[in-house]
Protein chains: 2
Amino acid sequence: MSSPSPGARSPAKHRPVNRDVAVLVVIFTVDEGRLHILLVRRSAQPMEGAWSLPGGLLTPSESLDEAAVRKLDDETGLTDVFLEQLYSFCDLDGRGSIAAAYFALVDASSAHLARRRAWLPAWHPVDDLPDLAFDNRRVIDYALQRLRTKLDYSNVAYSVLPAEFTLSQLQRAYEAILVRPLDKRNFRKRMLSLDIIEPIGRTATEGRHRPAQLYAFRERKPIVF
Amino acid sequence: MSSPSPGARSPAKHRPVNRDVAVLVVIFTVDEGRLHILLVRRSAQPMEGAWSLPGGLLTPSESLDEAAVRKLDDETGLTDVFLEQLYSFCDLDGRGSIAAAYFALVDASSAHLARRRAWLPAWHPVDDLPDLAFDNRRVIDYALQRLRTKLDYSNVAYSVLPAEFTLSQLQRAYEAILVRPLDKRNFRKRMLSLDIIEPIGRTATEGRHRPAQLYAFRERKPIVF
DNA sequence: GCAAAAGTGTTCTCTGTACACCCATGT
DNA sequence: ACATGGGTGTACAGAGAACACTTTTGC
């Protein structure tokens, strides 16, 4: 709410307490049938060089959402993807700062990772993460849970695929995120009945087998069923 | 209460930018078959006297959760109830502060509202709220949505009822929150099959009709189905 | 012609929903 | 005896899960 607290009693001697406020972004992608997260190396003490989630302090004028969008853009060059606030953590670093965590889904082939840094950012499979700075692991676990839940009742997957895709690609993305095989017929039946994707009328040949019908999401923005 | 002057923030480029960080608590209860929210009057400018959600700045040493627990205790005298972080809002007051919103469910008959203030806090039916300070309406709408969703796949209702209750009381609480009548037989069948409540073996007589079996939640803590 | 992925229906089970009557008590 | 809310079962519909074979292409 507002800085002045409606319920507070002693206006005179209360001194406002300000805090560091940062955003963290858990950026997911699916590549080679596996779910990955983007990690960067810390460029400052403490724990310089340790793998961690991308993030940083808010600038004086920006909002939480703006900071998250900026960070995501910095790291991937992408702006028009699924990005949602996750949870606000306190004291992840042991120094009382506030970190508003966000999570995003990106198409690996559209993302352009920064290449001019001493330490290069990199995709890491979620089932094989390195040791992470601070309590970043907690944030990732929370994001994973939310992503998996949300996959079931929303169209978030639109953001992890290129504009045109085959149903098999879509299914592989779902399977990578859920870490569970899905039945092909049931999967297709459900996706089509949800009315969130449509065939675009062209096919794609990929390998020495039958070409697949190409589909696109009707809306490239979040929809909840 | 005095709000921090703009100069209180660290303007220098090489210094981290700190912000006011506050918590807001949307405190729900069910009374007389209607869902209510606890509102207080702002005790400071701007908008002094306007109804708003309880909240306030973090003290120097506390975490977000601790501040939310403290606020809830201040307003209701309750500590062992359902309380969950909702979302962090930015700039609700137009001055760039961060507000971590929480929501809580309390049993109206256990709550003791503050009585020694110039402006008394009060329960307001959610379907008949007064004009509210700032963007508090957005926060309440968000909390309502989350509460209604969560009612369907968790035992949050444990926190809005006394320790012992009848199935009819439980059903009335659900109906008040969802604003929709529920079928008695289906409701009882479902509640019992979820295995989250159990009969305590006693009955309660209330009015000139058949006494009702009393039940209790097996766990008085959050469970997700 | 063969390897490889695309594409396609039916059956069963389970969950949610609709619906109406008798029971125990106080007055 | 009657008014009031407590308590109970069954039938139907829709959703999700299990399951196997034919088609189209590149080589």
# chains A, B, ... in the order shown; residues from 1 in each chain; ligands from 1
>>> interface_residues(of="chain C", to="chain B", cutoff="7 Å", atoms="only C-alpha atoms (C1' of nucleotides)", output="list of chain:residue names")
C:DA24, C:DT25, C:DG26
>>> write_last_selection(atoms="N, CA and C atoms (P, O5', C5', C4', C3', O3' and C1' of nucleotides)", output="short mmCIF file (atom, residue, chain, number, x, y, z; two decimals), in the first residue's frame")
data_model
loop_
_atom_site.label_atom_id
_atom_site.label_comp_id
_atom_site.auth_asym_id
_atom_site.auth_seq_id
_atom_site.Cartn_x
_atom_site.Cartn_y
_atom_site.Cartn_z
P DA C 24 -34.55 -40.70 13.87
"O5'" DA C 24 -34.41 -39.37 14.74
"C5'" DA C 24 -33.16 -38.71 14.78
"C4'" DA C 24 -33.38 -37.33 15.32
"C3'" DA C 24 -34.00 -37.28 16.73
"O3'" DA C 24 -33.07 -36.61 17.53
"C1'" DA C 24 -35.08 -35.76 15.24
P DT C 25 -33.22 -36.61 19.12
"O5'" DT C 25 -33.92 -35.21 19.38
"C5'" DT C 25 -33.17 -34.01 19.19
"C4'" DT C 25 -34.09 -32.86 18.92
"C3'" DT C 25 -34.97 -32.43 20.07
"O3'" DT C 25 -34.25 -31.51 20.87
"C1'" DT C 25 -35.96 -32.12 17.91
P DG C 26 -34.95 -30.79 22.12
"O5'" DG C 26 -35.79 -29.62 21.42
"C5'" DG C 26 -35.09 -28.58 20.72
"C4'" DG C 26 -36.02 -27.40 20.53
"C3'" DG C 26 -36.70 -26.88 21.80
"O3'" DG C 26 -36.79 -25.46 21.69
"C1'" DG C 26 -38.35 -27.75 20.31
#
>>> closest_atom_pairs(of="chain B", to="chain A", cutoff="8 Å", atoms="only C-alpha atoms", output="tab-separated table")
residue	atom	partner	partner_atom	distance
B:Met1	CA	A:Pro11	CA	3.6
B:Ser2	CA	A:Pro11	CA	5.8
B:Ser3	CA	A:Pro4	CA	5.4
B:Pro4	CA	A:Pro16	CA	5.9
B:Arg9	CA	A:Asn18	CA	7.7
B:Pro11	CA	A:Pro60	CA	7.8
B:Pro16	CA	A:Asp20	CA	6.8
B:Val17	CA	A:Pro60	CA	6.0
B:Asn18	CA	A:Asp20	CA	4.7
B:Arg19	CA	A:Asn18	CA	4.9
B:Asp20	CA	A:Asn18	CA	4.8
B:Val21	CA	A:Asn18	CA	6.5
B:Ala22	CA	A:Met1	CA	6.3
B:Val23	CA	A:Met1	CA	6.8
B:Leu24	CA	A:Met1	CA	6.1
B:Val40	CA	A:Gly7	CA	6.8
B:Arg41	CA	A:Pro6	CA	6.3
B:Arg42	CA	A:Pro6	CA	3.9
B:Ser43	CA	A:Pro6	CA	5.1
B:Ala44	CA	A:Pro6	CA	6.5
B:Gln45	CA	A:Pro4	CA	7.8
B:Ser52	CA	A:Pro6	CA	7.2
B:Leu53	CA	A:Pro6	CA	7.9
B:Pro54	CA	A:Gly7	CA	5.9
B:Gly55	CA	A:Ser5	CA	5.8
B:Gly56	CA	A:Ser5	CA	4.2
B:Leu57	CA	A:Ser3	CA	6.5
B:Leu58	CA	A:Val17	CA	6.7
B:Thr59	CA	A:Val17	CA	6.4
B:Pro60	CA	A:Val17	CA	5.8
B:Ser61	CA	A:Gly96	CA	7.5
B:Glu62	CA	A:Gly96	CA	8.0
B:Ser63	CA	A:Cys90	CA	5.9
B:Leu64	CA	A:Cys90	CA	6.3
B:Gln85	CA	A:Tyr87	CA	7.7
B:Leu86	CA	A:Tyr87	CA	8.0
B:Tyr87	CA	A:Tyr87	CA	6.7
B:Ser88	CA	A:Ser88	CA	6.8
B:Phe89	CA	A:Met1	CA	7.7
B:Cys90	CA	A:Ser63	CA	5.9
B:Asp91	CA	A:Ser63	CA	7.3
B:Leu92	CA	A:Met1	CA	5.8
B:Asp93	CA	A:Ser2	CA	4.8
B:Arg95	CA	A:Ser2	CA	7.7
B:Gly96	CA	A:Ser63	CA	7.1
B:Ser97	CA	A:Ser3	CA	6.4
B:Ile98	CA	A:Met1	CA	7.1
B:Ala99	CA	A:Met1	CA	4.9
B:Ala100	CA	A:Ser88	CA	7.5
B:Phe134	CA	A:Ser2	CA	7.8
B:Asn136	CA	A:Met1	CA	7.6
>>> write_last_selection(atoms="C-alpha atoms", output="compact mmCIF listing (two decimals), in the first residue's frame")
# COMPACT_ATOMS: atom_id res chain seq x y z
CA MET B 1 2.29 9.11 9.80
CA SER B 2 4.94 11.03 7.99
CA SER B 3 5.86 9.58 4.69
CA PRO B 4 9.48 9.56 3.72
CA ARG B 9 16.10 7.64 -0.92
CA PRO B 11 19.90 9.21 -5.26
CA PRO B 16 21.61 0.90 -4.42
CA VAL B 17 18.15 2.37 -4.74
CA ASN B 18 15.99 1.64 -1.76
CA ARG B 19 12.25 1.79 -1.55
CA ASP B 20 9.48 1.91 0.95
CA VAL B 21 8.31 -1.62 1.51
CA ALA B 22 4.94 -2.25 3.11
CA VAL B 23 2.59 -5.14 3.68
CA LEU B 24 -1.17 -5.07 3.17
CA VAL B 40 -9.53 0.47 8.77
CA ARG B 41 -9.56 4.23 8.45
CA ARG B 42 -6.39 5.93 7.31
CA SER B 43 -4.93 7.87 10.18
CA ALA B 44 -2.68 10.08 8.08
CA GLN B 45 -2.63 12.17 4.96
CA SER B 52 -8.45 1.14 3.40
CA LEU B 53 -6.87 -2.24 3.93
CA PRO B 54 -4.79 -2.68 7.07
CA GLY B 55 -1.09 -2.43 6.39
CA GLY B 56 2.13 -0.68 7.13
CA LEU B 57 5.82 -0.43 6.54
CA LEU B 58 8.24 -3.15 7.49
CA THR B 59 10.28 -2.50 10.60
CA PRO B 60 14.06 -2.54 10.08
CA SER B 61 14.55 -6.13 11.16
CA GLU B 62 11.46 -8.02 10.06
CA SER B 63 10.69 -10.10 7.01
CA LEU B 64 7.60 -9.77 4.83
CA GLN B 85 1.27 -14.03 0.37
CA LEU B 86 -0.86 -12.90 -2.53
CA TYR B 87 1.02 -10.61 -4.86
CA SER B 88 3.37 -7.66 -4.69
CA PHE B 89 2.01 -4.44 -6.02
CA CYS B 90 4.01 -1.48 -7.09
CA ASP B 91 2.98 2.10 -6.91
CA LEU B 92 -0.49 1.60 -5.51
CA ASP B 93 -0.14 5.02 -3.96
CA ARG B 95 4.69 7.17 -5.16
CA GLY B 96 6.59 4.08 -6.20
CA SER B 97 6.39 2.14 -2.98
CA ILE B 98 6.25 -1.64 -2.94
CA ALA B 99 3.36 -3.36 -1.18
CA ALA B 100 3.39 -7.08 -0.56
CA PHE B 134 -5.66 4.27 -3.50
CA ASN B 136 -7.06 -1.09 -2.72
>>> closest_residue(among="D:DA11, D:DG16, D:DA3, D:DC21", to="chain A", atoms="only C-alpha atoms (C1' of nucleotides)")
D:DG16
>>> calpha_fit_and_write(fixed="chain B", moving="chain A", output="tab-separated table (two decimals) with C-alpha atoms, in the first residue's frame")
chain	number	residue	atom	x	y	z
A	1	MET	CA	17.29	-8.27	-3.07
A	2	SER	CA	20.03	-6.54	-1.35
A	3	SER	CA	20.15	-2.82	-1.37
A	4	PRO	CA	23.28	-2.73	-3.48
A	5	SER	CA	22.27	-3.64	-6.96
A	6	PRO	CA	24.40	-6.24	-8.67
A	7	GLY	CA	23.61	-4.92	-12.10
A	8	ALA	CA	23.96	-1.22	-11.43
A	9	ARG	CA	26.78	0.62	-13.07
A	10	SER	CA	27.64	3.82	-11.26
A	11	PRO	CA	28.08	3.18	-7.59
A	12	ALA	CA	29.53	6.56	-6.78
A	13	LYS	CA	26.76	8.96	-7.56
A	14	HIS	CA	23.80	6.70	-7.01
A	15	ARG	CA	21.87	7.86	-4.03
A	16	PRO	CA	19.67	5.30	-2.38
A	17	VAL	CA	16.01	6.04	-2.63
A	18	ASN	CA	13.98	5.05	0.32
A	19	ARG	CA	10.24	4.77	0.41
A	20	ASP	CA	7.37	4.49	2.78
A	21	VAL	CA	6.57	0.81	3.14
A	22	ALA	CA	3.22	-0.19	4.56
A	23	VAL	CA	1.16	-3.33	4.95
A	24	LEU	CA	-2.56	-3.61	4.27
A	25	VAL	CA	-4.65	-6.52	5.49
A	26	VAL	CA	-7.86	-7.72	3.89
A	27	ILE	CA	-9.53	-9.58	6.75
A	28	PHE	CA	-12.37	-11.85	5.66
A	29	THR	CA	-14.97	-13.57	7.74
A	30	VAL	CA	-18.26	-15.34	7.08
A	31	ASP	CA	-21.24	-14.29	9.13
A	32	GLU	CA	-24.94	-14.89	8.64
A	33	GLY	CA	-24.19	-16.65	5.39
A	34	ARG	CA	-22.41	-13.67	3.91
A	35	LEU	CA	-18.76	-12.89	3.31
A	36	HIS	CA	-17.56	-9.80	5.18
A	37	ILE	CA	-14.45	-7.63	5.23
A	38	LEU	CA	-13.14	-5.66	8.19
A	39	LEU	CA	-12.92	-1.94	7.53
A	40	VAL	CA	-11.62	0.88	9.69
A	41	ARG	CA	-11.95	4.63	9.50
A	42	ARG	CA	-8.87	6.58	8.55
A	43	SER	CA	-7.61	8.45	11.57
A	44	ALA	CA	-5.42	10.89	9.66
A	45	GLN	CA	-5.43	13.14	6.66
A	46	PRO	CA	-5.85	12.76	3.80
A	47	MET	CA	-9.36	11.33	3.71
A	48	GLU	CA	-9.70	11.26	7.48
A	49	GLY	CA	-12.81	9.37	8.47
A	50	ALA	CA	-13.08	7.49	5.18
A	51	TRP	CA	-13.54	3.74	5.34
A	52	SER	CA	-10.39	1.86	4.41
A	53	LEU	CA	-8.52	-1.40	4.89
A	54	PRO	CA	-6.55	-1.76	8.11
A	55	GLY	CA	-2.87	-1.11	7.61
A	56	GLY	CA	0.10	0.96	8.51
A	57	LEU	CA	3.77	1.61	8.06
A	58	LEU	CA	6.40	-0.89	9.06
A	59	THR	CA	8.25	-0.15	12.25
A	60	PRO	CA	12.04	0.18	11.89
A	61	SER	CA	12.83	-3.36	12.90
A	62	GLU	CA	10.01	-5.52	11.63
A	63	SER	CA	9.57	-7.58	8.49
A	64	LEU	CA	6.57	-7.48	6.18
A	65	ASP	CA	5.16	-10.65	7.70
A	66	GLU	CA	5.66	-9.36	11.21
A	67	ALA	CA	3.88	-6.12	10.38
A	68	ALA	CA	0.95	-8.02	8.88
A	69	VAL	CA	0.69	-10.28	11.92
A	70	ARG	CA	0.80	-7.26	14.21
A	71	LYS	CA	-1.90	-5.42	12.29
A	72	LEU	CA	-4.16	-8.45	12.27
A	73	ASP	CA	-3.66	-8.89	15.99
A	74	ASP	CA	-4.37	-5.19	16.60
A	75	GLU	CA	-7.65	-5.42	14.76
A	76	THR	CA	-8.96	-8.81	15.80
A	77	GLY	CA	-6.92	-10.08	18.72
A	78	LEU	CA	-6.13	-13.17	16.63
A	79	THR	CA	-2.71	-14.51	15.79
A	80	ASP	CA	-3.10	-18.12	14.77
A	81	VAL	CA	-5.13	-17.80	11.60
A	82	PHE	CA	-4.61	-18.04	7.89
A	83	LEU	CA	-2.61	-15.02	6.72
A	84	GLU	CA	-0.86	-14.81	3.38
A	85	GLN	CA	0.87	-12.18	1.32
A	86	LEU	CA	-1.24	-11.17	-1.64
A	87	TYR	CA	0.50	-8.60	-3.80
A	88	SER	CA	2.53	-5.46	-3.45
A	89	PHE	CA	0.90	-2.33	-4.73
A	90	CYS	CA	2.66	0.85	-5.62
A	91	ASP	CA	1.26	4.29	-5.35
A	92	LEU	CA	-2.17	3.38	-4.05
A	93	ASP	CA	-2.18	6.76	-2.33
A	94	GLY	CA	-0.74	8.73	-5.21
A	95	ARG	CA	2.40	9.43	-3.27
A	96	GLY	CA	4.64	6.60	-4.40
A	97	SER	CA	4.49	4.51	-1.27
A	98	ILE	CA	4.71	0.74	-1.37
A	99	ALA	CA	1.92	-1.30	0.18
A	100	ALA	CA	2.32	-5.02	0.69
A	101	ALA	CA	-1.20	-6.40	0.85
A	102	TYR	CA	-2.03	-9.50	2.87
A	103	PHE	CA	-5.24	-11.38	3.28
A	104	ALA	CA	-6.53	-13.27	6.28
A	105	LEU	CA	-9.49	-15.47	7.17
A	106	VAL	CA	-10.94	-15.34	10.66
A	107	ASP	CA	-13.79	-16.88	12.59
A	108	ALA	CA	-16.13	-13.99	13.35
A	109	SER	CA	-17.04	-15.34	16.76
A	110	SER	CA	-13.38	-15.50	17.86
A	111	ALA	CA	-12.45	-12.03	16.67
A	112	HIS	CA	-12.53	-9.18	19.15
A	113	LEU	CA	-12.72	-5.87	17.37
A	114	ALA	CA	-11.20	-2.79	18.95
A	115	ARG	CA	-13.78	-0.80	20.90
A	116	ARG	CA	-11.85	2.10	22.29
A	117	ARG	CA	-11.40	4.14	19.19
A	118	ALA	CA	-13.17	7.25	18.09
A	119	TRP	CA	-14.15	5.47	14.90
A	120	LEU	CA	-15.07	1.85	15.38
A	121	PRO	CA	-13.87	-0.83	12.98
A	122	ALA	CA	-16.71	-2.87	11.51
A	123	TRP	CA	-17.52	-5.85	9.30
A	124	HIS	CA	-18.98	-4.99	5.91
A	125	PRO	CA	-20.56	-7.45	3.48
A	126	VAL	CA	-18.37	-7.63	0.38
A	127	ASP	CA	-21.37	-7.20	-1.85
A	128	ASP	CA	-22.30	-3.95	-0.16
A	129	LEU	CA	-19.14	-1.99	0.60
A	130	PRO	CA	-19.08	1.73	1.29
A	131	ASP	CA	-16.88	4.11	-0.67
A	132	LEU	CA	-13.27	3.41	0.18
A	133	ALA	CA	-10.18	5.53	0.55
A	134	PHE	CA	-7.61	5.45	-2.25
A	135	ASP	CA	-7.54	2.38	-4.43
A	136	ASN	CA	-8.54	-0.03	-1.72
A	137	ARG	CA	-11.19	-1.44	-3.97
A	138	ARG	CA	-8.54	-2.87	-6.29
A	139	VAL	CA	-6.86	-4.59	-3.38
A	140	ILE	CA	-10.13	-6.11	-2.24
A	141	ASP	CA	-11.00	-7.35	-5.71
A	142	TYR	CA	-7.61	-8.98	-5.97
A	143	ALA	CA	-8.01	-10.59	-2.54
A	144	LEU	CA	-11.47	-11.87	-3.40
A	145	GLN	CA	-10.24	-13.51	-6.54
A	146	ARG	CA	-7.35	-15.18	-4.74
A	147	LEU	CA	-9.57	-16.34	-1.89
A	148	ARG	CA	-12.11	-17.89	-4.26
A	149	THR	CA	-9.44	-19.61	-6.30
A	150	LYS	CA	-7.67	-20.88	-3.25
A	151	LEU	CA	-10.81	-22.27	-1.69
A	152	ASP	CA	-10.88	-24.83	-4.49
A	153	TYR	CA	-7.46	-26.32	-3.97
A	154	SER	CA	-6.59	-25.74	-0.35
A	155	ASN	CA	-7.99	-26.05	3.13
A	156	VAL	CA	-8.07	-22.29	3.83
A	157	ALA	CA	-11.62	-22.63	5.10
A	158	TYR	CA	-10.25	-24.03	8.35
A	159	SER	CA	-9.57	-20.48	9.37
A	160	VAL	CA	-13.07	-19.14	8.93
A	161	LEU	CA	-14.77	-21.68	11.17
A	162	PRO	CA	-14.57	-22.54	14.87
A	163	ALA	CA	-12.58	-25.63	15.83
A	164	GLU	CA	-15.70	-27.79	15.72
A	165	PHE	CA	-18.32	-27.40	13.04
A	166	THR	CA	-20.97	-29.27	11.11
A	167	LEU	CA	-20.76	-30.09	7.45
A	168	SER	CA	-23.67	-27.74	6.84
A	169	GLN	CA	-21.77	-24.88	8.43
A	170	LEU	CA	-18.77	-25.70	6.29
A	171	GLN	CA	-20.93	-25.76	3.20
A	172	ARG	CA	-22.53	-22.43	4.09
A	173	ALA	CA	-19.05	-20.90	4.43
A	174	TYR	CA	-18.10	-22.17	0.99
A	175	GLU	CA	-21.33	-20.90	-0.49
A	176	ALA	CA	-20.89	-17.49	1.09
A	177	ILE	CA	-17.38	-17.13	-0.29
A	178	LEU	CA	-18.21	-18.43	-3.75
A	179	VAL	CA	-21.66	-16.76	-3.89
A	180	ARG	CA	-23.05	-19.91	-5.43
A	181	PRO	CA	-25.16	-22.78	-4.07
A	182	LEU	CA	-23.43	-26.14	-3.83
A	183	ASP	CA	-24.95	-29.59	-4.00
A	184	LYS	CA	-25.09	-31.08	-0.54
A	185	ARG	CA	-24.18	-34.65	-1.47
A	186	ASN	CA	-21.38	-33.70	-3.82
A	187	PHE	CA	-19.99	-31.23	-1.33
A	188	ARG	CA	-19.88	-33.77	1.49
A	189	LYS	CA	-18.46	-36.47	-0.72
A	190	ARG	CA	-15.65	-34.19	-1.83
A	191	MET	CA	-14.81	-32.79	1.60
A	192	LEU	CA	-14.61	-36.26	3.09
A	193	SER	CA	-12.58	-37.67	0.22
A	194	LEU	CA	-10.01	-34.89	0.61
A	195	ASP	CA	-9.21	-36.27	4.00
A	196	ILE	CA	-8.75	-32.86	5.56
A	197	ILE	CA	-11.58	-33.11	8.07
A	198	GLU	CA	-12.65	-35.82	10.47
A	199	PRO	CA	-15.72	-36.46	12.60
A	200	ILE	CA	-14.99	-35.85	16.27
A	201	GLY	CA	-17.69	-38.28	17.39
A	202	ARG	CA	-20.03	-35.78	19.01
A	203	THR	CA	-23.13	-34.14	17.64
A	204	ALA	CA	-24.63	-30.70	17.99
A	205	THR	CA	-28.33	-29.98	18.32
A	206	GLU	CA	-29.34	-26.69	16.89
A	207	GLY	CA	-33.04	-26.05	16.45
A	208	ARG	CA	-35.96	-28.40	16.27
A	209	HIS	CA	-34.43	-30.92	13.93
A	210	ARG	CA	-31.98	-33.76	13.72
A	211	PRO	CA	-28.61	-33.09	15.42
A	212	ALA	CA	-25.56	-32.86	13.19
A	213	GLN	CA	-22.28	-34.68	13.43
A	214	LEU	CA	-19.41	-32.39	14.46
A	215	TYR	CA	-16.19	-32.30	12.47
A	216	ALA	CA	-12.75	-30.74	12.86
A	217	PHE	CA	-9.97	-30.02	10.41
A	218	ARG	CA	-7.14	-32.51	10.82
A	219	GLU	CA	-4.64	-29.69	10.40
A	220	ARG	CA	-5.24	-26.09	11.32
A	221	LYS	CA	-2.62	-24.81	8.97
A	222	PRO	CA	-2.50	-24.23	5.23
A	223	ILE	CA	-2.55	-27.33	3.02
A	224	VAL	CA	-2.63	-27.35	-0.76
A	225	PHE	CA	-4.22	-30.30	-2.52
>>> select_by_dssp(residues="stretch 48-205 of chain A", states="helix (DSSP H, G or I)", output="JSON, numbers by chain")
{"A": [64, 65, 66, 67, 68, 69, 70, 71, 72, 73, 74, 75, 76, 136, 137, 138, 139, 140, 141, 142, 143, 144, 145, 146, 147, 148, 149, 150, 151, 152, 153, 156, 157, 158, 159, 160, 167, 168, 169, 170, 171, 172, 173, 174, 175, 176, 177, 178, 184, 185, 186, 187, 188, 189, 190, 191, 192, 193, 194]}
>>> select_by_dssp(residues="stretch 17-53 of chain A", states="strand (DSSP E or B)", output="list of chain:residue names")
A:Asn18, A:Arg19, A:Asp20, A:Val21, A:Ala22, A:Val23, A:Leu24, A:Val25, A:Val26, A:Ile27, A:Phe28, A:Thr29, A:Val30, A:Asp31, A:Arg34, A:Leu35, A:His36, A:Ile37, A:Leu38, A:Leu39, A:Val40, A:Arg41, A:Trp51, A:Ser52
>>> write_last_selection(atoms="C-alpha atoms", output="mmCIF file, in the first residue's frame")
data_model
loop_
_atom_site.group_PDB
_atom_site.id
_atom_site.type_symbol
_atom_site.label_atom_id
_atom_site.label_comp_id
_atom_site.auth_asym_id
_atom_site.auth_seq_id
_atom_site.Cartn_x
_atom_site.Cartn_y
_atom_site.Cartn_z
ATOM 1 C CA ASN A 18 13.703 1.512 3.145
ATOM 2 C CA ARG A 19 15.046 -1.655 1.656
ATOM 3 C CA ASP A 20 16.887 -2.949 -1.323
ATOM 4 C CA VAL A 21 14.292 -4.162 -3.796
ATOM 5 C CA ALA A 22 15.372 -6.476 -6.578
ATOM 6 C CA VAL A 23 13.766 -8.642 -9.218
ATOM 7 C CA LEU A 24 14.816 -12.175 -10.099
ATOM 8 C CA VAL A 25 13.716 -13.895 -13.285
ATOM 9 C CA VAL A 26 13.447 -17.639 -13.756
ATOM 10 C CA ILE A 27 13.656 -17.993 -17.531
ATOM 11 C CA PHE A 28 12.540 -21.377 -18.833
ATOM 12 C CA THR A 29 12.963 -22.875 -22.243
ATOM 13 C CA VAL A 30 12.603 -26.327 -23.768
ATOM 14 C CA ASP A 31 15.474 -27.610 -25.842
ATOM 15 C CA ARG A 34 14.529 -31.086 -21.835
ATOM 16 C CA LEU A 35 13.448 -28.152 -19.711
ATOM 17 C CA HIS A 36 16.216 -25.596 -19.155
ATOM 18 C CA ILE A 37 16.751 -22.514 -17.008
ATOM 19 C CA LEU A 38 18.943 -19.553 -17.850
ATOM 20 C CA LEU A 39 21.701 -18.958 -15.322
ATOM 21 C CA VAL A 40 24.310 -16.235 -15.104
ATOM 22 C CA ARG A 41 27.493 -15.862 -13.112
ATOM 23 C CA TRP A 51 25.859 -19.457 -10.868
ATOM 24 C CA SER A 52 22.648 -17.636 -10.037
#
>>> interface_residues(of="chain D", to="chain B", cutoff="12 Å", atoms="only C-alpha atoms (C1' of nucleotides)", output="PyMOL selection string")
chain D and resi 2-10
>>> closest_atom_pairs(of="chain D", to="stretch 8-12 of chain C", cutoff="10 Å", atoms="only C-alpha atoms (C1' of nucleotides)", output="CSV")
residue,atom,partner,partner_atom,distance
D:DA17,C1',C:DC12,C1',8.7
D:DA18,C1',C:DC12,C1',8.4
D:DC19,C1',C:DT11,C1',9.3
D:DC21,C1',C:DT8,C1',9.2
D:DT22,C1',C:DT8,C1',8.6
D:DT23,C1',C:DT8,C1',10.0
>>> atom_distance(atom1="atom C1' of D:DT25", atom2="atom C1' of C:DA3")
10.5 Å
>>> decode(residues="stretch 165-176 of chain A", atoms="C-alpha atoms", output="PDB file, in the first residue's frame")
ATOM      1  CA  PHE A 165       4.826 -25.772 -34.727  1.00  0.00           C
ATOM      2  CA  THR A 166       3.652 -29.341 -35.099  1.00  0.00           C
ATOM      3  CA  LEU A 167       1.521 -31.154 -32.580  1.00  0.00           C
ATOM      4  CA  SER A 168       4.446 -33.447 -31.878  1.00  0.00           C
ATOM      5  CA  GLN A 169       6.631 -30.492 -30.993  1.00  0.00           C
ATOM      6  CA  LEU A 170       3.915 -29.189 -28.709  1.00  0.00           C
ATOM      7  CA  GLN A 171       3.610 -32.572 -27.063  1.00  0.00           C
ATOM      8  CA  ARG A 172       7.367 -32.820 -26.576  1.00  0.00           C
ATOM      9  CA  ALA A 173       7.326 -29.412 -24.858  1.00  0.00           C
ATOM     10  CA  TYR A 174       4.597 -30.577 -22.502  1.00  0.00           C
ATOM     11  CA  GLU A 175       6.444 -33.790 -21.788  1.00  0.00           C
ATOM     12  CA  ALA A 176       9.685 -31.956 -21.099  1.00  0.00           C
TER      13      ALA A 176
END
